[in-house]
Structures are given as structure tokens and as C-alpha cells.
Number of protein chains: 2
Amino acid sequence: MDIQQLVRSLKIQNDSKIVMLVADGLGGLPIEPDGPTELEAAQTPNLDALARRGISGSMIPIKPGITPGSGPGHLGLFGYDPVRYLIPRGALEATGIGFKLEAHDVATRCNFCTIGPDGNVTNRRGGAGRTDRLTTDEGKARVEKLQAIEIPGVQVFVEPVREHRFVVVFRAEGLGDNVDDTDPQATGVPALDPVAKDPQSERTAEIALDFIAQAHQVLADQQEGGRPKGNGLLMRGFSHRPHMPTFEEVYGLRAAAIAVYPMYKGLAQLVGMQIVGSPATLKEEIDVLERAFAGEHDFFFVHFKYTDSRGEDGDFDAKVKAIEEFDAVIPRVTALEPTVLIVTGDHSTPAHLRGHSWHPVPTLLVADSCRPDGCRSFGEKEALHGGLGHFEAVYLIPLALAHAERLAKFGA
Amino acid sequence: MDIQQLVRSLKIQNDSKIVMLVADGLGGLPIEPDGPTELEAAQTPNLDALARRGISGSMIPIKPGITPGSGPGHLGLFGYDPVRYLIPRGALEATGIGFKLEAHDVATRCNFCTIGPDGNVTNRRGGAGRTDRLTTDEGKARVEKLQAIEIPGVQVFVEPVREHRFVVVFRAEGLGDNVDDTDPQATGVPALDPVAKDPQSERTAEIALDFIAQAHQVLADQQEGGRPKGNGLLMRGFSHRPHMPTFEEVYGLRAAAIAVYPMYKGLAQLVGMQIVGSPATLKEEIDVLERAFAGEHDFFFVHFKYTDSRGEDGDFDAKVKAIEEFDAVIPRVTALEPTVLIVTGDHSTPAHLRGHSWHPVPTLLVADSCRPDGCRSFGEKEALHGGLGHFEAVYLIPLALAHAERLAKFGA
């Protein structure tokens, strides 16, 4: 029995409210020896006050040393063992654009590619030359053409992602998802056929073959300066939505998700959260939270993107500013008086590394039933000495439930 | 392989002595912001001296956020994964009164109930009215009557617990324990029959049916003011003793248990500890320890109840006093010079919450081979910085064995 199953067997209902603020990529690194991290450098009077009231800790997103993508990072935060609940690539790509996959859908992650007169792939990202790729607008224009494709007995969805990337979803009963990629992973050779690897997936492979044939007709005239450009497609990662128990089934929590970016709405939907509002900024996200707080939901996931974006940019100072922007909304959240308030990230994104990292994420949990831990501010170094200790992300929701008195005693 | 199996494969014998002092419900919470916990408020010069000699840590009884009952709490302390080794209700109730269950016994947790002239249950706790219940004396008097019941081929034990609660144990070879409860969980309906859910349990159900029929005859005249009162019984949680390897099998330790309350003697017996003495106070428990220390045992579990009791009462000051009483006996224990001395609790019982909680338990391990950790006193906040770190209870005995040099090197 893992921690989620244990918690599931102990959950009880009350009228407590839990708010989880996720500053994406929150954890950082110094850019000079003995210097502060982005969070330590930022002026965060409100988070520091929370650190004095609550308990801090150093959260390990997956396991020590493992750098999570956004999918596993968030699943861990939501208490779903991210090593057990893998999100297949096609489903993740669909989730990432906020496409709401139904149980029988088969999603695939597609690239526009370029196919030469000899039928061989000349560019796997749809460019006319060897290394260029389609722009987002060029990709979108082609997606619109593909949206006209019809296949009898199947609903077909074609949605743009970015540049040469797009998603195709086939919706019909009984479609298996065990189909080989058509991407040959090389140029100078033809695209592969979609081949079913089990009997239940034969119909899916046929549908994909039909779709590809029609797409090649629709895209036949795509060229630039007489050279073919983005006139074909490659399909990868055929997959169903992963099966996961919902937040309500596991925790008894009616959960709301407040996010700007589709990926995070999609991840929240995978665990059965309801998307609330359509905010475009952090301030608007908090507006949504304020309006929703007194309603039917008892868990609120609020996602803030820009701490991660500025880390990915490698811009230390801009990440510091993003953290200060995040700090500034804290009083609006505490004014709602949630029973439990969590502040965390799904992983670290140190500007110094310009990308996600394995470093633990400083994390705060604030509730009346917290045992004081002596932490005086919110930061990576201080969190090492906090009452939450060094802990894995999957324990965060169980701890929140405990502090909200939503867990019965285990055994007599 | 879990930690217990690993330790089992590495155990070696020597003449070291390990003492584990368990102050039940030791961990606490402040009753005012930034105030001390009960342990931090208590004057504990002896425990503080131990903290300077040994290593401290913040112990998680089960998993983060999980509040343990006494059963799982102690199993964890004894190094038995409490999520794996569940104690079924009937066995726990028998254990709780110190009844020594044998391997084939089937134990059940029973209530006296009241049955009206129409055969329906009018009160599930044996009262004459709708909400009253039997007193402990009234329960005991009825238990004595039931002790006369005889069933051919079966030894029947009937033992009082408290108020309307009692335990019935059937002892015979080959009795299954897969029998439905007879408690209808409602009034105004008749009690249910004990129904076997597998062939091996059919004889058990027959025996239970015979017992119930005889009991109803024996109790037929139980009434108050002309109204029936506690004239029937309900049986729940038919169960064998859970199968657990003994302390000696797993650790090679001949273990003694010294406790005042039956529950803790019962739990110790489940893992094969020998109950030593019959002390009535903490001082008498230490008398027993002193007398037994030079004998055949090499592990001593000493249980102190009142830290938990005063926490359950919600009486901060009384819990502080209980901790000081506990501190006062420490010199008598250290004078015995155990190779390893552990001071811990099975869970926290903050007076502030009037009950068990999920908060970690401050824990001390003292041995000559401890690596100094700089802790200056024994308390929750100080323990956050200790050499034991934040650790799960099942690692405590392995750590004790290591410090007693009772574990061989793993691998060459």
C-alpha cells in the first residue's frame, strides 16, 4: 500500500479549505560563489512572514538527483507517484495544449516534415532546407487544412502546438494505442507506416494510414521557391489518456485549478480537477481564486509560470523580479484564511543552469496546527532546517490533509 | 527486501543491552504562538544531558501526515512495517486487555446490547433507554455470567474490557476467522447471525451461534425498572492473531516488556516479547528494569503512559509534569549503563489537539558509538537539527542494533 492508498483509506470530510500555490521552477542556485539563490536574493516579506508561522522543508520532486519535466513534477505535487503514473507522449502533448482527452481517445504527437520527389523525408521539422523548421504561423496554416480531413466512424481532432508540432486525436470506441511511430528518426529515408502491435490497435493503424494519405493530398502543394516545404507529417507516441484516480476519489477533495498556461490546466484535468476562470496574469489568477474561494471547492491549485520562464531564460535578475511579483500577491491569499496554505514549486529552474534541475524545492506549509520550526525566512538554505525536513513531493498533499484534519487515525 | 528483512540477514549476537523508553504521545505543540511545546517547556536536565551525549532526531511514526493509533505506533517502533502488519479488530481488542492470543484462537470484539420483547435491538451499548450504556461494573457482572458458558470441544474465554465492551475468544484447532459481524449497526432491527464467508470458518460461525444462544438464556433476566437492559450481545471483528515474526527471530534479541497498561503488554507479546513484572507506576517499572537488567534479556521496552493521557486530557501543564516525572527516572536507567539507550514516543499527543497527531516524535539514541550532532537539549525544535535527521520509526531498532554492534557488514 503506497501513501496515496493509505491516505485514501483514511480520508474524512470537513469544511476546511486548502490552497496550493505553485511557483513553477521556484528553486534556484547562486550565480556567484556564496551568493544567494534567486529566492534568497528576492525581497519576500510576505513569504518570510509565512515561514515564521508555518513549517518549511526541502522537497524532492521525484527522487534525489532526478530532474522532472512539468508532467511528473506536477503529478508528484498532486500526490501521484510520478514513476508509476507515466503520461505517454501523445497524451502529454494533447494535455499540454489543454485538449481534454476522453477515455477512448488515441492522441498522437505529430511533426510536419518535408518529403522530396523521391518520397524520402528531407527535413523532419518541415523546413525547405536541411535545418530550418516551420514557424508557428506556418504550422497553424497547415493544421487548418488538415482539420478538413474526414474518416468514417471516427472523430478526428487536429490541433496546433508550436512551430512544426501539432496533435492529432482519433475518437472512437475500441481503439487500441499500441501503434508504432511513423517517424524514421532520420532523413533520406521514407516515413514509416503506422503498424499495429496488437490486434486491438489494428483499426487505429488503419485510421492513421488513412489520415496520412489524405494529409499528403491536402499538403501536396506546400512549397517555397519551388522546393517542397512541410508537405508531409510524422506521427509519434500513439496513446490513450493515462488512467488515474481523481482527486475526489483519492482525497475526497473537490479541486479547482487556476492557471494561465494550457499545460497546467491539462495536468490538473488529468487528476480530475475543475478548471476555474481563464486568467491571463497572476493578478487575474488571484481574482479567480477570490471569487471561487467561498464556493463548492475545497482545494485550489494556483499555478504561476514566470519563475520557471525566467529561469529557462538564464535571467537571474528577472527571476528575482518574478518571485517578488509572486510574493506581492500573498496577502490577498492569506486574507482568504485558508485552513492550509502551501507554497512550493514543481521543480527547480536555476537561471544559472537555464533549465529544470534536480535540486530540491523550498516548500512552505502554513496552518494553525503547524509545530513551530524556528525558520525565519523562506529560502533554500533556511528550508534545510525546517520542520518538513527533506521530503518527497508525494507526501505534500497527505501533510496538507493532516493539517486540515481531514485524515482519520490509522489503526486503534 | 524491506529494512527488517535486511537487518534479519545481518544480525549477530553479543552481550550488549538495549533499553527503549517509550513516553507515549511524547511529541507536542505550543499552546501559544512561538511558545514551547510540552517537552520544551518541561525541566528535563537528565534528558538534556542525554541529548548532548547522543543523537537526536525527528521521528515519523508511520509516514508523513499519518496519525497512528497505539497499535501501528508501537509496531513501527518495534521495526514492523505498520502498514503491512495490520492488527485486526478482534485481535487488537484482546491484545488491548493483555489477553495472550494463541495461534489458532479466534478473538471477537463484543458489545452488550439490549433486545426488546419483539427481538429487535433497542440499544447497541446495553442501556435500558436509547442512549445510555452499561457501566464498567455492570459489564463485568454480565461477563462473569457468560464465563459459565460451555461449548463442547472449544475453550471459551470471556473477558471484560470497559463499560459495555468485552472480548470473547474461541480456542480450538482449525477455526477460520472469516465470519460476518452480528452487529446490525442500527437499532429497531434484530441482531444478525454470524455467517461464515468461507468453508474453514463454518465451525467458527456455529460456535458463535451456540455462544449467542446460550448468552441470551444466561442474560434473559437482565433488566432495570422492568425494562430489559444489557440482555444481549453483538460480535464484531472475528480474527486470528496477526502472524508476525518474533523479535528474537528478526533481531536475535531476547526482549522484555515492562508496562503498566494491558494494551502495551499485549502489543509487546504480539512480537514475542516477554512481559516482566507487574508494576503499577513508573517508579515500579524502573524497579522491574533494575531487577531484570542483569538477566537473560538483551532488549528492554519500558512504556510510560501518562504523557499521552495528559495530552488526551488537553492539559498542557499536566503533560509538562508527566514529562518531568519521566525525566526524573532517567539517572536510574543510565546507571545501568545500557549499551544503547533510546528515548522516544509512539506518536505525538499535543494537549492543544487533545488527541494523537501526525507530528514527528522527538527521539534520542545514546551510545558510545554515536557521532556527536551538537544538540544541546531534548526537544522538538532541537531534534530537527540532530544526527538522526527526519526518519521513519521502522529504522529505530536497526539503528539501535548498529550502535550495539549487532549488525554485520552488508556485502564484502
# chains A, B, ... in the order shown; residues from 1 in each chain; ligands from 1
>>> select_by_dssp(residues="stretch 142-282 of chain A", states="alpha helix (DSSP H)", output="count of residues only")
37
>>> select_by_dssp(residues="stretch 75-310 of chain B", states="strand (DSSP E)", output="VMD selection string")
chain B and resid 106 to 115 121 to 123 155 to 162 165 to 171 223 to 224 227 to 228 232 to 239 255 to 258 274 to 275 299 to 304
>>> closest_residue(among="B:Gly386, B:Gly25, B:Gly54, B:Gly226", to="chain A", atoms="only C-alpha atoms")
B:Gly386
>>> interface_residues(of="chain B", to="chain A", cutoff="6 Å", atoms="only C-alpha atoms", output="VMD selection string")
chain B and resid 29 65 67 to 69 381
>>> residues_around(residues="A:Gln185", least_positions_apart="5", cutoff="10 Å", atoms="only C-alpha atoms", output="list in words")
Val121, Arg124, Ala191, Leu192 and Leu234 of chain A
>>> closest_residue(among="B:Leu77, B:Val167, B:Val366, B:Val329", to="B:Glu285", atoms="only C-alpha atoms")
B:Val329
>>> closest_residue(among="B:Met235, B:Met59, B:Val106, B:Ile275", to="B:Asp180", atoms="only C-alpha atoms")
B:Met235
>>> atom_distance(atom1="atom CA of A:Pro245", atom2="atom CA of A:His74")
15.1 Å
>>> residues_around(residues="A:Val154", least_positions_apart="6", cutoff="10 Å", atoms="only C-alpha atoms", output="CSV table (one decimal) with N, CA, C and O atoms, in the first residue's frame")
chain,number,residue,atom,x,y,z
A,169,VAL,N,-5.9,13.7,-32.6
A,169,VAL,CA,-6.6,12.8,-31.7
A,169,VAL,C,-7.7,12.1,-32.5
A,169,VAL,O,-8.4,12.7,-33.2
A,170,PHE,N,-7.7,10.8,-32.4
A,170,PHE,CA,-8.8,10.0,-33.0
A,170,PHE,C,-9.7,9.5,-31.9
A,170,PHE,O,-9.3,9.0,-30.9
A,171,ARG,N,-11.0,9.8,-32.1
A,171,ARG,CA,-12.0,9.5,-31.1
A,171,ARG,C,-13.0,8.5,-31.7
A,171,ARG,O,-13.8,8.8,-32.6
A,172,ALA,N,-13.0,7.3,-31.1
A,172,ALA,CA,-14.0,6.2,-31.5
A,172,ALA,C,-13.8,5.2,-30.4
A,172,ALA,O,-12.8,5.0,-29.8
A,173,GLU,N,-14.9,4.4,-30.2
A,173,GLU,CA,-14.8,3.3,-29.3
A,173,GLU,C,-13.8,2.2,-29.7
A,173,GLU,O,-13.7,1.9,-30.9
A,175,LEU,N,-10.6,1.8,-29.8
A,175,LEU,CA,-9.3,2.0,-30.5
A,175,LEU,C,-8.1,1.7,-29.5
A,175,LEU,O,-8.0,2.3,-28.5
A,204,THR,N,-6.8,1.3,-35.3
A,204,THR,CA,-6.1,2.6,-35.1
A,204,THR,C,-5.1,2.8,-36.2
A,204,THR,O,-5.0,3.9,-36.7
A,207,ILE,N,-6.8,3.7,-39.4
A,207,ILE,CA,-7.2,5.1,-39.4
A,207,ILE,C,-6.0,6.1,-39.6
A,207,ILE,O,-6.1,7.0,-40.4
>>> residues_around(residues="B:Arg162", least_positions_apart="2", cutoff="10 Å", atoms="only C-alpha atoms", output="PyMOL selection string")
chain B and resi 97+111+134-140+159-160+164-166
>>> residues_around(residues="stretch 148-151 of chain A", least_positions_apart="5", cutoff="10 Å", atoms="only C-alpha atoms", output="number ranges by chain")
A: 143, 156-158, 170, 207-208, 210-212, 214-215, 218
>>> write_last_selection(atoms="N, CA and C atoms", output="PDB file, in the first residue's frame")
ATOM      1  N   VAL A 143      -2.246  23.065 -40.180  1.00  0.00           N
ATOM      2  CA  VAL A 143      -3.205  22.387 -39.295  1.00  0.00           C
ATOM      3  C   VAL A 143      -4.634  22.676 -39.751  1.00  0.00           C
ATOM      4  N   VAL A 156     -12.082  13.164 -35.730  1.00  0.00           N
ATOM      5  CA  VAL A 156     -10.659  13.475 -35.836  1.00  0.00           C
ATOM      6  C   VAL A 156     -10.437  14.911 -35.379  1.00  0.00           C
ATOM      7  N   PHE A 157      -9.516  15.087 -34.455  1.00  0.00           N
ATOM      8  CA  PHE A 157      -9.153  16.430 -33.986  1.00  0.00           C
ATOM      9  C   PHE A 157      -7.700  16.712 -34.388  1.00  0.00           C
ATOM     10  N   VAL A 158      -7.460  17.876 -34.981  1.00  0.00           N
ATOM     11  CA  VAL A 158      -6.097  18.280 -35.325  1.00  0.00           C
ATOM     12  C   VAL A 158      -5.880  19.642 -34.675  1.00  0.00           C
ATOM     13  N   PHE A 170      -7.709  10.777 -32.408  1.00  0.00           N
ATOM     14  CA  PHE A 170      -8.774   9.961 -33.014  1.00  0.00           C
ATOM     15  C   PHE A 170      -9.740   9.550 -31.901  1.00  0.00           C
ATOM     16  N   ILE A 207      -6.753   3.727 -39.405  1.00  0.00           N
ATOM     17  CA  ILE A 207      -7.219   5.118 -39.360  1.00  0.00           C
ATOM     18  C   ILE A 207      -6.048   6.074 -39.584  1.00  0.00           C
ATOM     19  N   ALA A 208      -4.923   5.788 -38.933  1.00  0.00           N
ATOM     20  CA  ALA A 208      -3.747   6.644 -39.065  1.00  0.00           C
ATOM     21  C   ALA A 208      -3.229   6.630 -40.507  1.00  0.00           C
ATOM     22  N   ASP A 210      -4.977   6.066 -43.214  1.00  0.00           N
ATOM     23  CA  ASP A 210      -5.959   6.846 -43.970  1.00  0.00           C
ATOM     24  C   ASP A 210      -5.693   8.348 -43.769  1.00  0.00           C
ATOM     25  N   PHE A 211      -5.487   8.730 -42.511  1.00  0.00           N
ATOM     26  CA  PHE A 211      -5.244  10.142 -42.196  1.00  0.00           C
ATOM     27  C   PHE A 211      -3.988  10.647 -42.905  1.00  0.00           C
ATOM     28  N   ILE A 212      -2.935   9.859 -42.876  1.00  0.00           N
ATOM     29  CA  ILE A 212      -1.669  10.269 -43.501  1.00  0.00           C
ATOM     30  C   ILE A 212      -1.836  10.413 -45.016  1.00  0.00           C
ATOM     31  N   GLN A 214      -4.592  11.053 -46.731  1.00  0.00           N
ATOM     32  CA  GLN A 214      -5.373  12.260 -47.010  1.00  0.00           C
ATOM     33  C   GLN A 214      -4.532  13.519 -46.771  1.00  0.00           C
ATOM     34  N   ALA A 215      -3.721  13.503 -45.712  1.00  0.00           N
ATOM     35  CA  ALA A 215      -2.897  14.662 -45.379  1.00  0.00           C
ATOM     36  C   ALA A 215      -1.902  14.951 -46.504  1.00  0.00           C
ATOM     37  N   VAL A 218      -3.739  16.753 -49.173  1.00  0.00           N
ATOM     38  CA  VAL A 218      -4.073  18.123 -48.762  1.00  0.00           C
ATOM     39  C   VAL A 218      -2.841  19.027 -48.780  1.00  0.00           C
TER      40      VAL A 218
END
>>> residues_around(residues="A:Pro338", least_positions_apart="6", cutoff="8 Å", atoms="only C-alpha atoms", output="PyMOL selection string")
chain A and resi 16-19
>>> write_last_selection(atoms="N, CA and C atoms", output="short mmCIF file (atom, residue, chain, number, x, y, z; two decimals), in the first residue's frame")
data_model
loop_
_atom_site.label_atom_id
_atom_site.label_comp_id
_atom_site.auth_asym_id
_atom_site.auth_seq_id
_atom_site.Cartn_x
_atom_site.Cartn_y
_atom_site.Cartn_z
N SER A 16 -12.83 22.38 5.68
CA SER A 16 -11.56 23.08 5.54
C SER A 16 -11.29 23.41 4.07
N LYS A 17 -10.41 24.39 3.86
CA LYS A 17 -10.01 24.81 2.51
C LYS A 17 -8.48 24.78 2.42
N ILE A 18 -7.99 24.19 1.36
CA ILE A 18 -6.54 24.08 1.15
C ILE A 18 -6.17 24.84 -0.13
N VAL A 19 -5.17 25.70 -0.03
CA VAL A 19 -4.69 26.41 -1.22
C VAL A 19 -3.24 26.00 -1.46
#
>>> atom_distance(atom1="atom CA of A:Gly266", atom2="atom CA of A:Gln155")
20.4 Å
>>> closest_residue(among="B:Asp132, B:Asp118, B:Asp48, B:Asp177", to="B:Ala91", atoms="only C-alpha atoms")
B:Asp177
